[in-house]
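Asks: Below is the file entry11.txt, with compact mmCIF, C-alpha atoms.
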# COMPACT_ATOMS: atom_id res chain seq x y z
CA MET A 1 20.66 6.86 -3.78
CA HIS A 2 18.54 7.04 -0.64
CA HIS A 3 20.50 9.79 1.10
CA ALA A 4 17.77 12.43 0.88
CA ARG A 5 15.10 10.06 2.20
CA ASP A 6 17.36 8.88 5.00
CA ALA A 7 18.20 12.45 6.01
CA GLU A 8 14.53 13.43 6.02
CA ASP A 9 13.62 10.34 8.07
CA LYS A 10 16.34 11.22 10.58
CA ARG A 11 14.94 14.73 10.91
CA LEU A 12 11.39 13.46 11.34
CA LEU A 13 12.53 10.98 13.98
CA GLU A 14 14.37 13.69 15.87
CA THR A 15 11.42 16.07 15.79
CA GLY A 16 8.90 13.35 16.61
CA GLU A 17 6.89 13.89 13.42
CA HIS A 18 5.71 10.30 13.29
CA LYS A 19 2.74 10.95 11.04
CA LEU A 20 4.91 12.29 8.23
CA LEU A 21 7.54 9.64 8.84
CA LEU A 22 5.11 6.74 8.52
CA SER A 23 3.10 8.35 5.72
CA ALA A 24 6.09 8.13 3.40
CA TYR A 25 6.11 4.35 3.77
CA PHE A 26 2.36 3.81 3.58
CA ASP A 27 2.16 2.94 -0.12
CA PRO A 28 5.48 1.08 -0.44
CA VAL A 29 4.69 -1.15 2.55
CA ARG A 30 1.16 -1.90 1.33
CA GLU A 31 2.40 -2.72 -2.14
CA ARG A 32 5.12 -5.03 -0.84
CA CYS A 33 2.74 -6.85 1.48
CA PHE A 34 0.27 -7.37 -1.34
CA LEU A 35 2.96 -8.50 -3.76
CA ARG A 36 4.20 -11.11 -1.32
CA LEU A 37 0.82 -12.38 -0.15
CA ARG A 38 -1.06 -11.89 -3.44
CA ASP A 39 -4.29 -11.22 -1.59
CA ARG A 40 -5.50 -7.67 -1.12
CA ALA A 41 -7.23 -8.15 2.22
CA ALA A 42 -4.32 -10.16 3.63
CA GLY A 43 -1.91 -7.56 2.30
CA GLU A 44 -3.74 -4.71 4.02
CA GLU A 45 -3.87 -6.70 7.25
CA ALA A 46 -0.13 -7.44 7.12
CA ALA A 47 0.62 -3.80 6.33
CA GLN A 48 -1.36 -2.70 9.37
CA GLN A 49 0.61 -5.14 11.52
CA VAL A 50 3.80 -3.58 10.17
CA PHE A 51 2.64 -0.09 11.09
CA VAL A 52 1.50 -1.18 14.54
CA ARG A 53 5.03 -2.53 15.19
CA LEU A 54 6.66 0.59 13.83
CA LEU A 55 4.39 2.82 15.88
CA GLU A 56 5.02 0.89 19.09
CA GLU A 57 8.75 1.23 18.53
CA LEU A 58 8.45 4.96 17.88
CA ARG A 59 6.41 5.45 21.03
CA ARG A 60 9.10 3.69 23.02
CA GLY A 61 11.55 6.25 21.68
CA ARG A 62 13.82 3.58 20.35
CA THR A 63 16.74 4.72 18.23
CA TYR A 64 18.49 2.78 15.51
CA PRO A 65 22.06 2.68 14.21
CA VAL A 66 20.74 2.25 10.66
CA PRO A 67 18.52 4.43 8.44
CA TYR A 68 14.84 4.21 9.31
CA ARG A 69 14.18 2.82 5.82
CA VAL A 70 16.12 -0.29 6.86
CA VAL A 71 13.97 -0.67 9.97
CA VAL A 72 10.79 -0.42 7.91
CA TRP A 73 11.84 -3.08 5.43
CA LYS A 74 13.14 -5.37 8.16
CA VAL A 75 9.81 -5.15 9.98
CA VAL A 76 8.02 -5.90 6.70
CA GLU A 77 10.21 -8.95 6.15
CA TRP A 78 9.73 -10.20 9.71
CA THR A 79 5.99 -9.66 9.53
CA LEU A 80 5.62 -11.44 6.20
CA GLY A 81 7.89 -14.21 7.45
CA GLY A 82 5.63 -14.84 10.44
CA PHE A 83 8.20 -13.73 13.00
CA TRP A 84 5.51 -12.30 15.28
CA HIS A 85 2.93 -14.98 14.74
CA GLY A 86 0.92 -15.18 17.95
CA ALA A 87 2.90 -12.39 19.61
CA LYS A 88 1.34 -9.33 21.22
CA ASP A 89 1.24 -6.06 19.33
CA ASP A 90 3.80 -4.51 21.63
CA ALA A 91 6.39 -7.27 21.24
CA THR A 92 9.76 -5.76 20.45
CA LEU A 93 11.95 -6.17 17.42
CA PRO A 94 14.46 -9.04 17.63
CA GLU A 95 17.11 -7.99 20.16
CA ASP A 96 19.97 -9.50 18.20
CA TRP A 97 19.13 -7.19 15.34
CA ASP A 98 20.67 -4.11 17.01
CA LEU A 99 23.48 -3.52 14.60
CA ALA A 100 26.60 -2.02 16.06
CA ALA A 101 28.90 -1.89 13.07
CA PRO A 102 28.16 1.04 10.74
CA ASP A 103 28.45 -1.16 7.63
CA ALA A 104 26.54 -4.09 9.07
CA TYR A 105 23.68 -3.62 6.67
CA ALA A 106 25.82 -3.08 3.58
CA GLY A 107 25.01 -6.52 2.19
CA TRP A 108 21.33 -5.96 2.77
CA GLU A 109 21.53 -2.59 1.03
CA ALA A 110 22.70 -4.25 -2.21
CA ASP A 111 19.17 -5.56 -2.76
CA HIS A 112 17.50 -2.36 -1.59
CA ASP A 113 19.07 0.26 -3.82
CA LEU A 114 18.42 0.45 -7.55
CA ALA A 115 21.73 2.21 -8.14
CA LEU A 116 23.60 -0.73 -6.60
CA LEU A 117 21.52 -3.27 -8.49
CA PHE A 118 22.49 -1.64 -11.78
CA ALA A 119 26.04 -0.80 -10.72
CA ASP A 120 27.82 -3.18 -13.11
CA LEU A 121 25.98 -2.01 -16.22
CA PRO A 122 27.70 0.48 -18.58
CA PRO A 123 27.31 4.11 -17.44
CA ARG A 124 25.10 5.04 -20.41
CA GLU A 125 22.65 2.26 -19.60
CA ARG A 126 22.66 3.23 -15.94
CA ASP A 127 21.71 6.75 -16.97
CA VAL A 128 18.75 5.42 -18.96
CA LEU A 129 17.54 3.26 -16.07
CA ASP A 130 17.99 6.12 -13.63
CA LEU A 131 15.85 8.47 -15.71
CA ARG A 132 13.17 5.84 -16.27
CA TYR A 133 12.94 4.22 -12.83
CA ARG A 134 13.93 7.12 -10.59
CA GLU A 135 12.37 10.02 -12.45
CA GLY A 136 9.73 8.24 -14.53
CA LEU A 137 10.65 9.95 -17.81
CA ALA A 138 9.18 8.59 -21.05
CA PRO A 139 11.60 6.74 -23.35
CA GLU A 140 11.33 9.56 -25.91
CA GLN A 141 12.32 12.11 -23.27
CA ILE A 142 15.25 9.95 -22.18
CA ALA A 143 16.46 9.59 -25.77
CA GLU A 144 16.32 13.34 -26.23
CA ARG A 145 17.98 14.14 -22.94
CA LEU A 146 20.84 11.69 -23.45
CA GLY A 147 21.19 12.17 -27.22
CA MET A 148 20.43 8.51 -27.90
CA THR A 149 18.16 6.73 -30.35
CA ARG A 150 14.86 5.40 -29.06
CA ASN A 151 16.05 1.91 -29.93
CA ALA A 152 19.15 2.30 -27.74
CA VAL A 153 16.96 3.44 -24.85
CA ASP A 154 14.70 0.40 -25.26
CA GLN A 155 17.71 -1.91 -25.30
CA ALA A 156 19.05 -0.37 -22.09
CA LEU A 157 15.68 -0.77 -20.39
CA HIS A 158 15.54 -4.37 -21.51
CA ARG A 159 18.99 -5.07 -20.05
CA GLY A 160 17.93 -3.47 -16.78
CA HIS A 161 14.89 -5.72 -16.73
CA LEU A 162 17.08 -8.79 -17.27
CA LYS A 163 19.27 -7.63 -14.41
CA LEU A 164 16.29 -7.41 -12.06
CA ARG A 165 14.98 -10.76 -13.25
CA GLU A 166 18.36 -12.35 -12.60
CA ARG A 167 18.46 -10.85 -9.10
CA PHE A 168 14.89 -11.37 -7.97
CA GLY A 169 14.14 -14.62 -9.75
CA GLY A 170 11.54 -13.32 -12.13
CA MET B 171 -4.80 -11.40 -23.71
CA ALA B 172 -1.98 -11.25 -21.15
CA GLU B 173 0.51 -8.45 -21.61
CA SER B 174 4.29 -8.73 -21.58
CA VAL B 175 5.85 -8.87 -18.11
CA PHE B 176 8.59 -6.50 -19.20
CA GLU B 177 6.14 -3.90 -20.49
CA LEU B 178 3.97 -4.14 -17.37
CA PHE B 179 6.99 -3.86 -15.09
CA ASP B 180 8.28 -0.89 -17.04
CA GLU B 181 4.89 0.88 -16.95
CA TYR B 182 4.42 0.29 -13.19
CA ALA B 183 7.97 1.29 -12.24
CA ALA B 184 7.89 4.52 -14.26
CA ALA B 185 4.49 5.47 -12.80
CA TYR B 186 5.77 4.68 -9.29
CA ALA B 187 8.83 6.86 -9.91
CA ARG B 188 6.57 9.73 -10.94
CA GLY B 189 4.65 9.38 -7.66
CA GLU B 190 1.44 8.27 -9.35
CA ARG B 191 0.69 5.49 -6.82
CA PRO B 192 0.13 2.64 -9.30
CA ARG B 193 -1.58 -0.41 -7.80
CA ALA B 194 0.23 -3.72 -8.24
CA HIS B 195 -2.93 -5.81 -8.21
CA VAL B 196 -4.12 -4.09 -11.39
CA TYR B 197 -0.88 -4.97 -13.17
CA LEU B 198 -0.85 -8.57 -11.94
CA GLU B 199 -4.36 -9.04 -13.29
CA ARG B 200 -3.14 -7.88 -16.68
CA ALA B 201 -0.13 -10.22 -16.60
CA GLY B 202 -2.04 -13.51 -16.86
CA GLU B 203 0.38 -16.41 -16.46
CA GLY B 204 3.22 -13.96 -16.00
CA ALA B 205 1.74 -12.70 -12.72
CA ASP B 206 4.16 -14.63 -10.48
CA GLU B 207 7.20 -13.34 -12.32
CA LEU B 208 5.84 -9.80 -12.36
CA ALA B 209 5.09 -9.92 -8.61
CA ARG B 210 8.69 -10.87 -7.82
CA LEU B 211 10.05 -8.13 -10.07
CA LEU B 212 7.73 -5.47 -8.67
CA GLU B 213 8.52 -6.43 -5.09
CA GLY B 214 12.22 -6.18 -5.86
CA TYR B 215 11.66 -2.80 -7.45
CA VAL B 216 9.51 -1.38 -4.63
CA GLN B 217 12.03 -2.37 -1.96
CA ALA B 218 14.90 -0.79 -3.90
CA ALA B 219 13.27 2.29 -5.42
CA LEU B 220 13.23 5.72 -3.87
CA VAL B 221 10.42 6.09 -1.36
CA PRO B 222 7.98 8.52 -2.99
CA ALA B 223 6.79 11.59 -1.12
CA PRO B 224 3.31 10.95 0.33
CA ASP B 225 0.38 13.00 -0.94
CA GLU B 226 -1.97 14.95 1.32
CA ASP B 227 -4.62 12.21 1.37
CA THR B 228 -2.08 9.63 2.47
CA ILE B 229 -0.83 11.89 5.25
CA ALA B 230 -4.42 12.48 6.38
CA LEU B 231 -5.26 8.77 6.25
CA VAL B 232 -2.20 7.78 8.26
CA GLY B 233 -2.80 10.62 10.71
CA ALA B 234 -6.36 9.47 11.36
CA TRP B 235 -5.23 5.88 11.80
CA LEU B 236 -2.50 6.90 14.26
CA GLU B 237 -5.07 8.79 16.32
CA GLY B 238 -7.44 5.83 16.36
CA GLN B 239 -9.91 7.57 14.07
CA PRO B 240 -11.54 5.94 11.04
CA PRO B 241 -9.44 6.89 7.98
CA LEU B 242 -12.47 6.83 5.66
CA VAL B 243 -14.23 9.44 7.81
CA GLU B 244 -11.16 11.65 7.51
CA LEU B 245 -11.00 11.34 3.72
CA ARG B 246 -14.72 12.09 3.38
CA ALA B 247 -14.53 15.09 5.71
CA ARG B 248 -11.52 16.46 3.81
CA ARG B 249 -13.76 16.70 0.75
CA GLY B 250 -16.46 18.52 2.68
CA LEU B 251 -18.91 15.67 2.26
CA ARG B 252 -21.54 14.67 4.81
CA VAL B 253 -22.62 11.07 5.32
CA GLU B 254 -25.95 12.02 3.74
CA ASP B 255 -24.14 13.20 0.60
CA VAL B 256 -22.43 9.85 0.24
CA VAL B 257 -25.62 7.94 0.93
CA GLU B 258 -27.47 9.97 -1.68
CA ALA B 259 -24.74 9.24 -4.23
CA LEU B 260 -24.86 5.53 -3.41
CA VAL B 261 -28.64 5.36 -3.74
CA LYS B 262 -28.58 7.16 -7.08
CA GLY B 263 -25.40 5.62 -8.43
CA LEU B 264 -26.50 2.09 -7.62
CA GLY B 265 -30.11 2.61 -8.66
CA LEU B 266 -31.45 1.66 -5.22
CA ASP B 267 -34.88 2.22 -3.76
CA GLY B 268 -34.83 5.72 -2.22
CA ALA B 269 -37.05 4.49 0.60
CA LYS B 270 -34.13 2.39 1.84
CA ARG B 271 -31.75 5.28 2.44
CA ALA B 272 -31.64 4.51 6.16
CA LYS B 273 -30.41 1.00 5.50
CA VAL B 274 -27.75 2.22 3.07
CA LYS B 275 -26.68 4.83 5.63
CA SER B 276 -26.42 2.19 8.33
CA TYR B 277 -24.17 0.04 6.19
CA TYR B 278 -22.05 2.98 5.07
CA GLN B 279 -21.52 4.20 8.61
CA ARG B 280 -20.45 0.74 9.70
CA LEU B 281 -18.04 0.62 6.77
CA GLU B 282 -16.58 3.97 7.81
CA GLY B 283 -16.25 2.79 11.40
CA GLY B 284 -14.34 -0.34 10.52
CA LEU B 285 -17.21 -2.61 11.48
CA LEU B 286 -17.89 -4.02 8.03
CA GLU B 287 -15.57 -6.31 6.13
CA PRO B 288 -14.43 -4.36 3.02
CA ALA B 289 -13.90 -7.62 1.11
CA GLY B 290 -17.67 -8.20 1.21
CA VAL B 291 -18.50 -4.88 -0.41
CA ALA B 292 -19.40 -5.04 -4.09
CA GLU B 293 -17.09 -3.56 -6.71
CA LYS B 294 -19.84 -1.25 -7.95
CA VAL B 295 -20.17 0.24 -4.46
CA TRP B 296 -16.44 1.01 -4.48
CA LEU B 297 -16.76 2.57 -7.92
CA VAL B 298 -19.42 5.00 -6.68
CA LEU B 299 -17.53 5.70 -3.46
CA GLY B 300 -14.23 6.10 -5.29
CA ARG B 301 -15.67 8.84 -7.49
CA LEU B 302 -16.71 10.81 -4.41
CA VAL B 303 -13.84 9.89 -2.11
CA PRO B 304 -10.76 8.71 -4.02
CA GLY B 305 -8.92 6.09 -1.98
CA ALA B 306 -12.10 5.04 -0.14
CA GLU B 307 -11.47 1.33 -0.63
CA GLU B 308 -7.99 1.36 0.84
CA ALA B 309 -9.06 3.72 3.64
CA ALA B 310 -11.87 1.32 4.61
CA ALA B 311 -9.37 -1.52 4.84
CA TRP B 312 -7.47 0.43 7.49
CA ARG B 313 -9.83 0.00 10.37
CA PRO B 314 -9.56 2.33 13.37
CA ARG B 315 -7.00 0.98 15.80
CA GLN B 316 -9.42 0.88 18.73
CA VAL B 317 -11.59 -1.68 16.96
CA GLU B 318 -11.12 -4.66 19.22
CA ALA B 319 -11.07 -8.38 18.63
CA ALA B 320 -14.76 -8.71 19.48
CA ASP B 321 -15.63 -6.30 16.69
CA MET B 322 -13.40 -8.18 14.30
CA PHE B 323 -15.31 -11.33 15.17
CA LEU B 324 -18.50 -9.49 14.36
CA ARG B 325 -17.11 -8.45 10.99
CA VAL B 326 -16.23 -12.02 10.07
CA SER B 327 -19.51 -13.39 11.34
CA GLU B 328 -21.50 -10.88 9.36
CA ALA B 329 -19.61 -11.50 6.17
CA GLU B 330 -20.35 -15.20 6.50
CA SER B 331 -23.93 -14.72 7.51
CA ALA B 332 -25.74 -12.10 5.48
CA PRO B 333 -29.21 -13.46 6.22
CA ALA B 334 -28.55 -13.23 9.96
CA LEU B 335 -27.66 -9.57 9.54
CA ALA B 336 -30.68 -8.99 7.37
CA ALA B 337 -32.80 -10.46 10.14
CA GLY B 338 -31.69 -7.57 12.28
CA ARG B 339 -28.96 -8.92 14.55
CA ALA B 340 -26.59 -6.05 13.86
CA ASN B 341 -28.78 -3.82 11.77
CA PRO B 342 -32.14 -3.15 13.40
CA ALA B 343 -33.36 -1.24 10.35
CA SER B 344 -33.02 -4.22 8.05
CA GLU B 345 -35.76 -6.38 6.66
CA GLU B 346 -36.64 -10.00 7.35
CA THR B 347 -34.96 -11.32 4.24
CA GLU B 348 -31.74 -10.52 2.45
CA ASP B 349 -32.17 -7.85 -0.19
CA GLU B 350 -30.03 -6.13 -2.81
CA ILE B 351 -28.54 -3.73 -0.26
CA ASP B 352 -27.44 -6.60 2.00
CA ARG B 353 -25.81 -8.28 -0.95
CA LEU B 354 -24.04 -5.10 -2.05
CA PHE B 355 -22.47 -4.57 1.36
CA LEU B 356 -22.00 -8.12 2.59
CA SER B 357 -21.48 -10.54 -0.21
CA GLY B 358 -19.91 -8.59 -3.03
CA GLY B 359 -23.08 -7.76 -4.91
Can the structure in the file be given as structure tokens, please?
Replies:
Amino acid sequence: MHHARDAEDKRLLETGEHKLLLSAYFDPVRERCFLRLRDRAAGEEAAQQVFVRLLEELRRGRTYPVPYRVVVWKVVEWTLGGFWHGAKDDATLPEDWDLAAPDAYAGWEADHDLALLFADLPPRERDVLDLRYREGLAPEQIAERLGMTRNAVDQALHRGHLKLRERFGG
Amino acid sequence: MAESVFELFDEYAAAYARGERPRAHVYLERAGEGADELARLLEGYVQAALVPAPDEDTIALVGAWLEGQPPLVELRARRGLRVEDVVEALVKGLGLDGAKRAKVKSYYQRLEGGLLEPAGVAEKVWLVLGRLVPGAEEAAAWRPRQVEAADMFLRVSEAESAPALAAGRANPASEETEDEIDRLFLSGG
């Protein structure tokens, strides 16, 4: 599901377009930090710490065997988990995190890809969730596009919600 | 009355997918007792959803921050606004004494420069600023990267000590006692 983003990130890394690279993650990182900390000022502060780490890594010219998206979310998780508490801004990422095996982050990806989260739902329901949560279509538009009743669309959305609640402990 | 967690999640996620930059704190406020559950669901969604393409303001804000420039200055300049324009709007929009423009300007410039704690700024100030410079509140929270620890200490000290500021320690133009302008910029109104 994230192939296009990953390819664009790879290009931006190769061309050194750090502003565009980091801009894409500005809102998602801020939202995640706020959602975890539940305090707007603390969330903004944590998000800035995340971007300082990411920037320091970029300036070092470090390369990664995983998509940059994975690096961003790992740095968010380490920051929110207090990994760098008391460390200097230029402290490096954990050395043992350098992943050699190409599928080493496959397990991690299962929680970071909507398509994988909904993978065991019936295809029709997956289509509904894809149109709603990837494209943002209104339920009426989804019903029309897929030739379904509005009620069937609502039921599919509800099942997707239950799936997320089951996974993320809602 | 609190709204359904499912409906709030659905509304946020669809808006996020459309690239509308919904703000989670607004949805959590609407969720009442369901806020904890909604926060977990939204965090799960944000980490798994497609990363939306950034808009021009976001790119400008991040660019300014990377260069050590105040992001709020960048957003204001992108709209062709001078500091005086913003100050005028604040004075009028907040119904302040026009004779105190210099004090308002001093506070606004410190806010732009990352030398004023955004959490101490009143909601009605953000409302006026947001109409002129959308995204002003979040831009102000991203202080310029060259702001050092000593300045951060100043920010905290000021937020905790409005009367000291009003007495002129960091704002020579201010009066002897705390007034409405001090309260609007230091203690949330």
Asks: Kindly provide the residues of chain B that approach chain A to within 7 Å, each paired with its closest atom pair and their distance in Å to one decimal, based on only C-alpha atoms, listed by chain and increasing number, as JSON lines.
Replies:
{"residue": "B:Phe176", "atom": "CA", "partner": "A:His161", "partner_atom": "CA", "distance": 6.8}
{"residue": "B:Ala183", "atom": "CA", "partner": "A:Tyr133", "partner_atom": "CA", "distance": 5.8}
{"residue": "B:Ala184", "atom": "CA", "partner": "A:Gly136", "partner_atom": "CA", "distance": 4.2}
{"residue": "B:Ala185", "atom": "CA", "partner": "A:Gly136", "partner_atom": "CA", "distance": 6.2}
{"residue": "B:Ala187", "atom": "CA", "partner": "A:Gly136", "partner_atom": "CA", "distance": 4.9}
{"residue": "B:Arg188", "atom": "CA", "partner": "A:Gly136", "partner_atom": "CA", "distance": 5.0}
{"residue": "B:Ala194", "atom": "CA", "partner": "A:Glu31", "partner_atom": "CA", "distance": 6.6}
{"residue": "B:Glu207", "atom": "CA", "partner": "A:Gly170", "partner_atom": "CA", "distance": 4.3}
{"residue": "B:Leu208", "atom": "CA", "partner": "A:Gly170", "partner_atom": "CA", "distance": 6.7}
{"residue": "B:Ala209", "atom": "CA", "partner": "A:Leu35", "partner_atom": "CA", "distance": 5.5}
{"residue": "B:Arg210", "atom": "CA", "partner": "A:Gly170", "partner_atom": "CA", "distance": 5.7}
{"residue": "B:Leu211", "atom": "CA", "partner": "A:Gly170", "partner_atom": "CA", "distance": 5.8}
{"residue": "B:Glu213", "atom": "CA", "partner": "A:Arg32", "partner_atom": "CA", "distance": 5.6}
{"residue": "B:Gly214", "atom": "CA", "partner": "A:Phe168", "partner_atom": "CA", "distance": 6.2}
{"residue": "B:Val216", "atom": "CA", "partner": "A:Pro28", "partner_atom": "CA", "distance": 6.3}
{"residue": "B:Gln217", "atom": "CA", "partner": "A:His112", "partner_atom": "CA", "distance": 5.5}
{"residue": "B:Ala218", "atom": "CA", "partner": "A:His112", "partner_atom": "CA", "distance": 3.8}
{"residue": "B:Ala219", "atom": "CA", "partner": "A:Leu114", "partner_atom": "CA", "distance": 5.9}
{"residue": "B:Leu220", "atom": "CA", "partner": "A:His2", "partner_atom": "CA", "distance": 6.4}
{"residue": "B:Val221", "atom": "CA", "partner": "A:Ala24", "partner_atom": "CA", "distance": 6.8}
{"residue": "B:Pro222", "atom": "CA", "partner": "A:Ala24", "partner_atom": "CA", "distance": 6.7}
{"residue": "B:Ala223", "atom": "CA", "partner": "A:Ala24", "partner_atom": "CA", "distance": 5.7}
{"residue": "B:Pro224", "atom": "CA", "partner": "A:Ala24", "partner_atom": "CA", "distance": 5.0}
{"residue": "B:Thr228", "atom": "CA", "partner": "A:Ser23", "partner_atom": "CA", "distance": 6.2}
{"residue": "B:Ile229", "atom": "CA", "partner": "A:Ser23", "partner_atom": "CA", "distance": 5.3}
{"residue": "B:Val232", "atom": "CA", "partner": "A:Ser23", "partner_atom": "CA", "distance": 5.9}
{"residue": "B:Gly233", "atom": "CA", "partner": "A:Lys19", "partner_atom": "CA", "distance": 5.6}
{"residue": "B:Ala289", "atom": "CA", "partner": "A:Ala41", "partner_atom": "CA", "distance": 6.8}
{"residue": "B:Ala311", "atom": "CA", "partner": "A:Glu44", "partner_atom": "CA", "distance": 6.5}
Asks: Residues near Leu54 in chain A, anyone? I mean within 8 Å using only C-alpha atoms, not counting same-chain ones fewer than 3 positions away, as a PyMOL selection string.
Replies: chain A and resi 50-51+57-58+72+75
Asks: Using Å and a single decimal, report how far CA of Gly202 in chain B sits from CA of Ser174 in chain B.
Replies: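 Result for CA of Ser174 in chain B versus CA of Gly202 in chain B: 9.2 Å, one decimal.
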Asks: Quick one: of A:Lys10, A:Arg124, A:Arg159, A:Val71, who's nearest to Gly147 in chain A, counting all atoms listed in the file?
Replies: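 Ranked by minimum distance to Gly147 in chain A, first place goes to A:Arg124.
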Asks: What is the CA of Ala309 in chain B to CA of Val256 in chain B distance in Å?
Replies: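 Computing it gives 15.1 Å between the two atoms.
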Asks: Could you tell me which of B:Glu307, B:Glu237, B:Glu181, B:Asp255 comes closest to Lys275 in chain B if we count only C-alpha atoms?
Replies: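 Of B:Glu307, B:Glu237, B:Glu181, B:Asp255, the one nearest Lys275 in chain B is B:Asp255, counting only C-alpha atoms.
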Asks: Rounded to one decimal place, report the CA of Gly359 in chain B-CA of Arg246 in chain B distance in Å.
Replies: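 We find that CA of Gly359 in chain B and CA of Arg246 in chain B lie 23.1 Å from each other.
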Asks: With all atoms listed in the file as the basis for distance, which of B:Glu348, B:Ala272, B:Val253, B:Pro241 is at the shortest distance from Leu302 in chain B?
Replies: B:Val253
